[in-house]
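What follows is structure-v2.txt (compact mmCIF, C-alpha atoms).
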# COMPACT_ATOMS: atom_id res chain seq x y z
CA MET A 1 5.15 -18.99 3.29
CA THR A 2 5.03 -17.05 6.53
CA ALA A 3 4.71 -13.34 7.11
CA ARG A 4 6.00 -11.33 10.02
CA VAL A 5 6.49 -7.77 11.19
CA ILE A 6 10.12 -6.85 10.52
CA SER A 7 10.67 -3.80 12.72
CA GLY A 8 9.11 -1.43 15.23
CA LYS A 9 6.64 -1.96 18.07
CA ALA A 10 5.39 -5.32 16.79
CA LYS A 11 8.75 -6.63 15.55
CA GLY A 12 8.86 -10.40 15.13
CA ARG A 13 5.11 -10.97 15.40
CA ARG A 14 3.84 -13.51 12.88
CA LEU A 15 0.94 -12.55 10.65
CA LYS A 16 -1.87 -14.73 9.39
CA LEU A 17 -2.18 -15.19 5.65
CA VAL A 18 -5.48 -14.93 3.80
CA PRO A 19 -6.84 -18.46 3.26
CA GLY A 20 -6.67 -19.70 -0.33
CA ASP A 21 -4.61 -18.28 -3.16
CA SER A 22 -6.46 -15.03 -3.85
CA THR A 23 -3.68 -12.83 -2.43
CA ARG A 24 0.05 -12.68 -2.98
CA PRO A 25 1.80 -11.62 0.21
CA ILE A 26 4.87 -9.46 -0.12
CA MET A 27 8.13 -11.28 0.62
CA ASP A 28 9.93 -10.10 3.78
CA ARG A 29 13.04 -9.03 1.82
CA VAL A 30 10.92 -6.90 -0.53
CA LYS A 31 9.05 -5.36 2.42
CA GLU A 32 12.33 -4.63 4.19
CA SER A 33 13.74 -3.00 1.05
CA LEU A 34 10.57 -0.94 0.65
CA PHE A 35 10.86 0.50 4.15
CA ASN A 36 14.60 1.08 3.76
CA ILE A 37 13.84 3.14 0.64
CA LEU A 38 11.10 5.12 2.41
CA GLY A 39 13.12 5.72 5.58
CA ASP A 40 11.34 7.12 8.63
CA VAL A 41 7.57 6.71 8.25
CA GLY A 42 6.73 8.07 11.70
CA GLY A 43 3.59 10.23 11.71
CA THR A 44 2.61 9.42 8.11
CA ARG A 45 -0.85 8.54 6.72
CA TRP A 46 -1.12 5.46 4.50
CA LEU A 47 -3.71 4.02 2.15
CA ASP A 48 -3.20 0.27 1.66
CA LEU A 49 -5.26 -0.66 -1.41
CA PHE A 50 -5.96 -4.33 -2.13
CA ALA A 51 -4.59 -4.84 1.39
CA GLY A 52 -4.79 -8.66 1.53
CA THR A 53 -3.12 -9.67 4.80
CA GLY A 54 -2.53 -6.02 5.69
CA GLN A 55 1.14 -6.66 6.25
CA VAL A 56 2.48 -3.53 4.48
CA GLY A 57 0.15 -1.24 6.42
CA ILE A 58 0.80 -3.15 9.65
CA GLU A 59 4.56 -2.76 9.10
CA ALA A 60 3.97 0.99 8.66
CA LEU A 61 1.97 1.17 11.91
CA SER A 62 4.65 -0.83 13.72
CA ARG A 63 7.22 1.70 12.52
CA GLY A 64 5.21 4.68 13.77
CA ALA A 65 2.76 5.63 11.00
CA ALA A 66 -0.07 7.73 12.44
CA GLU A 67 -2.85 6.14 10.40
CA VAL A 68 -3.35 3.37 7.86
CA VAL A 69 -6.57 2.86 5.92
CA PHE A 70 -6.83 -0.75 4.73
CA ILE A 71 -9.07 -1.44 1.72
CA ASP A 72 -10.06 -4.88 0.44
CA LYS A 73 -13.24 -6.34 -1.01
CA ALA A 74 -12.66 -9.96 0.05
CA ARG A 75 -14.30 -10.90 3.36
CA ALA A 76 -11.48 -13.34 4.13
CA ALA A 77 -8.91 -10.57 3.67
CA ILE A 78 -10.85 -8.16 5.90
CA GLN A 79 -11.08 -10.79 8.65
CA THR A 80 -7.34 -11.54 8.28
CA ILE A 81 -6.46 -7.84 8.56
CA HIS A 82 -8.59 -7.51 11.73
CA ASP A 83 -6.96 -10.64 13.19
CA ASN A 84 -3.46 -9.40 12.35
CA LEU A 85 -4.11 -5.94 13.79
CA SER A 86 -5.42 -7.50 16.99
CA HIS A 87 -2.50 -9.94 17.25
CA THR A 88 0.08 -7.17 16.73
CA ARG A 89 -1.82 -4.77 19.05
CA LEU A 90 -1.75 -2.13 16.32
CA THR A 91 -5.46 -1.33 16.12
CA ASP A 92 -4.92 2.33 17.09
CA GLY A 93 -4.63 4.35 13.91
CA ALA A 94 -5.99 1.52 11.74
CA ARG A 95 -9.19 1.79 9.71
CA VAL A 96 -10.32 -1.31 7.84
CA ILE A 97 -12.85 -0.75 5.08
CA HIS A 98 -14.61 -3.61 3.31
CA THR A 99 -15.08 -2.23 -0.21
CA ASP A 100 -13.74 -2.42 -3.73
CA ALA A 101 -10.49 -0.41 -4.05
CA LEU A 102 -11.51 1.16 -7.34
CA ALA A 103 -14.91 2.18 -5.94
CA PHE A 104 -13.12 3.70 -2.94
CA LEU A 105 -10.91 5.76 -5.29
CA ARG A 106 -14.02 7.22 -6.96
CA GLN A 107 -14.94 8.82 -3.62
CA LEU A 108 -13.31 12.07 -2.72
CA GLY A 109 -13.08 13.82 0.60
CA ALA A 110 -10.46 12.01 2.70
CA PRO A 111 -7.43 14.02 3.79
CA PRO A 112 -4.49 13.28 1.45
CA PHE A 113 -2.14 10.40 2.19
CA ASP A 114 1.64 10.39 2.43
CA VAL A 115 1.84 6.88 0.98
CA ILE A 116 -0.61 4.97 -1.20
CA TYR A 117 0.35 1.31 -1.59
CA ILE A 118 -1.23 -0.45 -4.57
CA ALA A 119 -0.80 -4.25 -4.71
CA PRO A 120 -3.73 -5.73 -6.65
CA PRO A 121 -4.21 -9.27 -7.90
CA GLN A 122 -1.75 -9.96 -10.72
CA TYR A 123 -2.33 -9.80 -14.46
CA PHE A 124 -5.66 -7.95 -14.50
CA GLU A 125 -4.12 -4.49 -15.04
CA LEU A 126 -5.92 -3.31 -11.91
CA TRP A 127 -2.76 -1.43 -10.90
CA ILE A 128 -3.14 0.71 -14.03
CA THR A 129 -6.78 1.55 -13.28
CA ALA A 130 -5.97 2.32 -9.63
CA LEU A 131 -2.89 4.42 -10.44
CA ARG A 132 -4.80 6.39 -13.06
CA ALA A 133 -7.56 7.10 -10.52
CA VAL A 134 -4.94 8.41 -8.08
CA ASP A 135 -3.31 10.41 -10.90
CA GLU A 136 -6.60 12.07 -11.90
CA ALA A 137 -7.10 13.46 -8.39
CA ALA A 138 -3.49 13.45 -7.20
CA SER A 139 -3.82 16.61 -5.11
CA THR A 140 -6.81 15.06 -3.33
CA TRP A 141 -5.22 11.66 -2.70
CA LEU A 142 -1.54 12.51 -2.12
CA THR A 143 0.24 15.12 -0.02
CA SER A 144 2.59 17.36 -2.02
CA ASP A 145 5.55 15.10 -1.22
CA GLY A 146 3.48 11.90 -1.15
CA VAL A 147 4.24 8.73 -3.07
CA ALA A 148 2.11 6.07 -4.74
CA ILE A 149 3.87 2.70 -4.76
CA VAL A 150 2.78 -0.10 -7.06
CA GLN A 151 3.71 -3.74 -6.37
CA ILE A 152 3.46 -5.86 -9.53
CA ASP A 153 5.08 -8.72 -11.39
CA PRO A 154 7.77 -7.19 -13.67
CA ARG A 155 5.99 -8.65 -16.72
CA GLU A 156 2.98 -6.45 -15.91
CA PHE A 157 4.91 -3.18 -16.08
CA GLN A 158 4.22 -0.66 -18.80
CA ASP A 159 4.98 3.02 -19.16
CA LEU A 160 1.86 5.05 -18.53
CA ALA A 161 1.00 8.52 -19.75
CA LEU A 162 0.08 10.23 -16.48
CA VAL A 163 -0.87 13.86 -15.88
CA ASN A 164 0.07 14.51 -12.24
CA LEU A 165 2.31 11.60 -11.27
CA MET A 166 5.79 10.74 -12.45
CA LEU A 167 7.65 7.45 -12.16
CA THR A 168 10.69 8.30 -10.03
CA ASP A 169 12.09 4.89 -9.10
CA GLN A 170 11.72 1.21 -9.94
CA ARG A 171 13.13 -1.74 -8.03
CA ARG A 172 13.01 -5.39 -9.02
CA TYR A 173 13.26 -8.27 -6.54
CA GLY A 174 12.90 -11.54 -8.45
CA ASN A 175 9.27 -11.74 -9.57
CA THR A 176 8.25 -8.58 -7.70
CA MET A 177 8.65 -5.01 -8.91
CA LEU A 178 8.07 -1.87 -6.88
CA CYS A 179 7.33 1.30 -8.85
CA PHE A 180 7.40 4.67 -7.08
CA TYR A 181 5.27 7.52 -8.45
CA ARG A 182 5.48 11.04 -7.05
CA ARG A 183 3.37 14.12 -7.65
CA GLU A 184 4.65 16.66 -10.07
CA THR A 185 3.94 19.83 -8.13
CA ASP A 186 4.22 23.52 -8.87
CA GLU A 187 6.79 25.52 -6.95
CA GLU A 188 4.06 27.64 -5.32
CA GLU A 189 2.31 24.65 -3.73
Hey, can you dump this file as structure tokens for me?
Amino acid sequence: MTARVISGKAKGRRLKLVPGDSTRPIMDRVKESLFNILGDVGGTRWLDLFAGTGQVGIEALSRGAAEVVFIDKARAAIQTIHDNLSHTRLTDGARVIHTDALAFLRQLGAPPFDVIYIAPPQYFELWITALRAVDEAASTWLTSDGVAIVQIDPREFQDLALVNLMLTDQRRYGNTMLCFYRRETDEEE
């Protein structure tokens, strides 16, 4: 499998994959659909949790995102993200943090993100733990019109009782499902 940047400043550039089978890169057609759904991402702030190759965040930077924070705990993934950012010349606006995604979500204090992309290793229910952490502090993690997007195998999906986030869209592409969660906000906010 190969990965590439689909659109924007780094269009067509190939991306390295993380050695081994610890990550599951997003298929180009799923990535393209994701960005078609989101539309213009210019000027947005992203949090790419369980970033792996970094290709979703790199695609966002290529399309004009102002900042992407990449989080992964695997050294090989962190090195791959750095290599891919360097190769695509998209280091401006990128922050790569070598830490556990769930530990990162226990910290508070970062400005809220427009998009939080959650694509953990499959079948460990890590997406549920991560999404619940975002839900608990939704106003801290997400802008008022922000979205948390979960990438999972459709067999992993389950309805969750959330306090601040609501499932607003679901798309299935073969063995990949994208679930879009938005903040439920008060009118005064």
At a cut-off of 6 Å from (-10.1, 13.7, -6.4) in the coordinates of the file, what residues are picked up using only C-alpha atoms, written as an MDAnalysis selection string?
chainID A and resid 108 137 140
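Pairwise distance (atom CA of Asn164 of chain A, atom CA of Ala148 of chain A) equals 11.5 Å.
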Identify which of the residues A:Thr129, A:Val5, A:Gly20, A:Pro154 lies closest to Arg89 of chain A, counting all atoms listed in the file when measuring atom-to-atom distances.
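Among A:Thr129, A:Val5, A:Gly20, A:Pro154, it is A:Val5 that comes nearest to Arg89 of chain A.
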Between A:Ile116, A:Val163, A:Leu90, A:Val147, which one has atoms that come closest to Arg132 of chain A, using all atoms listed in the file?
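Nearest to Arg132 of chain A: A:Val163.
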So that I can see what lies close to segment 168-184 of chain A, please list as a PyMOL selection string the residues with an atom at most 7 Å from it, counting all atoms listed in the file and leaving out residues fewer than 2 positions away in the same chain.
chain A and resi 30+138+144-154+164-166+186
Same residues, C-alpha atoms, output as an mmCIF file, in the coordinates of the input:
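The result, written out as selection-v7.cif:
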data_model
loop_
_atom_site.group_PDB
_atom_site.id
_atom_site.type_symbol
_atom_site.label_atom_id
_atom_site.label_comp_id
_atom_site.auth_asym_id
_atom_site.auth_seq_id
_atom_site.Cartn_x
_atom_site.Cartn_y
_atom_site.Cartn_z
ATOM 1 C CA VAL A 30 10.920 -6.900 -0.530
ATOM 2 C CA ALA A 138 -3.490 13.450 -7.200
ATOM 3 C CA SER A 144 2.590 17.360 -2.020
ATOM 4 C CA ASP A 145 5.550 15.100 -1.220
ATOM 5 C CA GLY A 146 3.480 11.900 -1.150
ATOM 6 C CA VAL A 147 4.240 8.730 -3.070
ATOM 7 C CA ALA A 148 2.110 6.070 -4.740
ATOM 8 C CA ILE A 149 3.870 2.700 -4.760
ATOM 9 C CA VAL A 150 2.780 -0.100 -7.060
ATOM 10 C CA GLN A 151 3.710 -3.740 -6.370
ATOM 11 C CA ILE A 152 3.460 -5.860 -9.530
ATOM 12 C CA ASP A 153 5.080 -8.720 -11.390
ATOM 13 C CA PRO A 154 7.770 -7.190 -13.670
ATOM 14 C CA ASN A 164 0.070 14.510 -12.240
ATOM 15 C CA LEU A 165 2.310 11.600 -11.270
ATOM 16 C CA MET A 166 5.790 10.740 -12.450
ATOM 17 C CA ASP A 186 4.220 23.520 -8.870
#
Could you list as a PyMOL selection string every residue that has an atom within 6 Å of (3.5, -13.6, 10.9), using the file's coordinates and counting only C-alpha atoms?
chain A and resi 2-4+13-16
Calculate how many Å separate atom CA of Val41 of chain A from atom CA of Gly64 of chain A, rounding to one decimal.
6.3 Å
Return as a Markdown table the residues of segment 17-52 of chain A lying at most 6 Å from segment 65-81 of chain A, together with the closest atom-to-atom pair for each and the distance in Å to one decimal, counting only C-alpha atoms, with rows in chain order and ascending residue number.
| residue | atom | partner | partner_atom | distance |
| --- | --- | --- | --- | --- |
| A:Val18 | CA | A:Ala77 | CA | 5.5 |
| A:Val41 | CA | A:Ala65 | CA | 5.6 |
| A:Gly42 | CA | A:Ala65 | CA | 4.7 |
| A:Gly43 | CA | A:Ala66 | CA | 4.5 |
| A:Thr44 | CA | A:Ala65 | CA | 4.8 |
| A:Arg45 | CA | A:Glu67 | CA | 4.8 |
| A:Trp46 | CA | A:Val68 | CA | 4.5 |
| A:Leu47 | CA | A:Val69 | CA | 4.9 |
| A:Asp48 | CA | A:Phe70 | CA | 4.9 |
| A:Leu49 | CA | A:Ile71 | CA | 5.0 |
| A:Phe50 | CA | A:Asp72 | CA | 4.9 |
| A:Ala51 | CA | A:Asp72 | CA | 5.6 |
| A:Gly52 | CA | A:Ala77 | CA | 5.0 |
If I take atom CA of Ala133 of chain A and atom CA of Arg106 of chain A, how far is one from the other in Å, to one decimal?
7.4 Å
At a cut-off of 9 Å, using all atoms listed in the file, what residues contact segment 31-33 of chain A? Leave out same-chain residues fewer than 6 positions from it and give the result as a list in words.
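Near neighbours after the sequence-gap exclusion: Ile6, Ser7, Gln55, Val56 and Glu59 of chain A.
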Could you list, as a ChimeraX atom specification, every residue within 8 Å of segment 155-159 of chain A, counting only C-alpha atoms and ignoring same-chain residues fewer than 3 positions away?
/A:122-123,125,152
Give me the residues near Ala10 of chain A as a ChimeraX atom specification, where near means some atom within 6 Å (using all atoms listed in the file) and where sequence neighbours in that chain fewer than 2 positions away do not count.
/A:8,13,62,88
Can you spit out the residues from that selection as a PDB file, in the frame of the given file, using C-alpha atoms?
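Okay, out_6.pdb is ready:
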ATOM      1  CA  GLY A   8       9.110  -1.430  15.230  1.00  0.00           C
ATOM      2  CA  ARG A  13       5.110 -10.970  15.400  1.00  0.00           C
ATOM      3  CA  SER A  62       4.650  -0.830  13.720  1.00  0.00           C
ATOM      4  CA  THR A  88       0.080  -7.170  16.730  1.00  0.00           C
TER       5      THR A  88
END
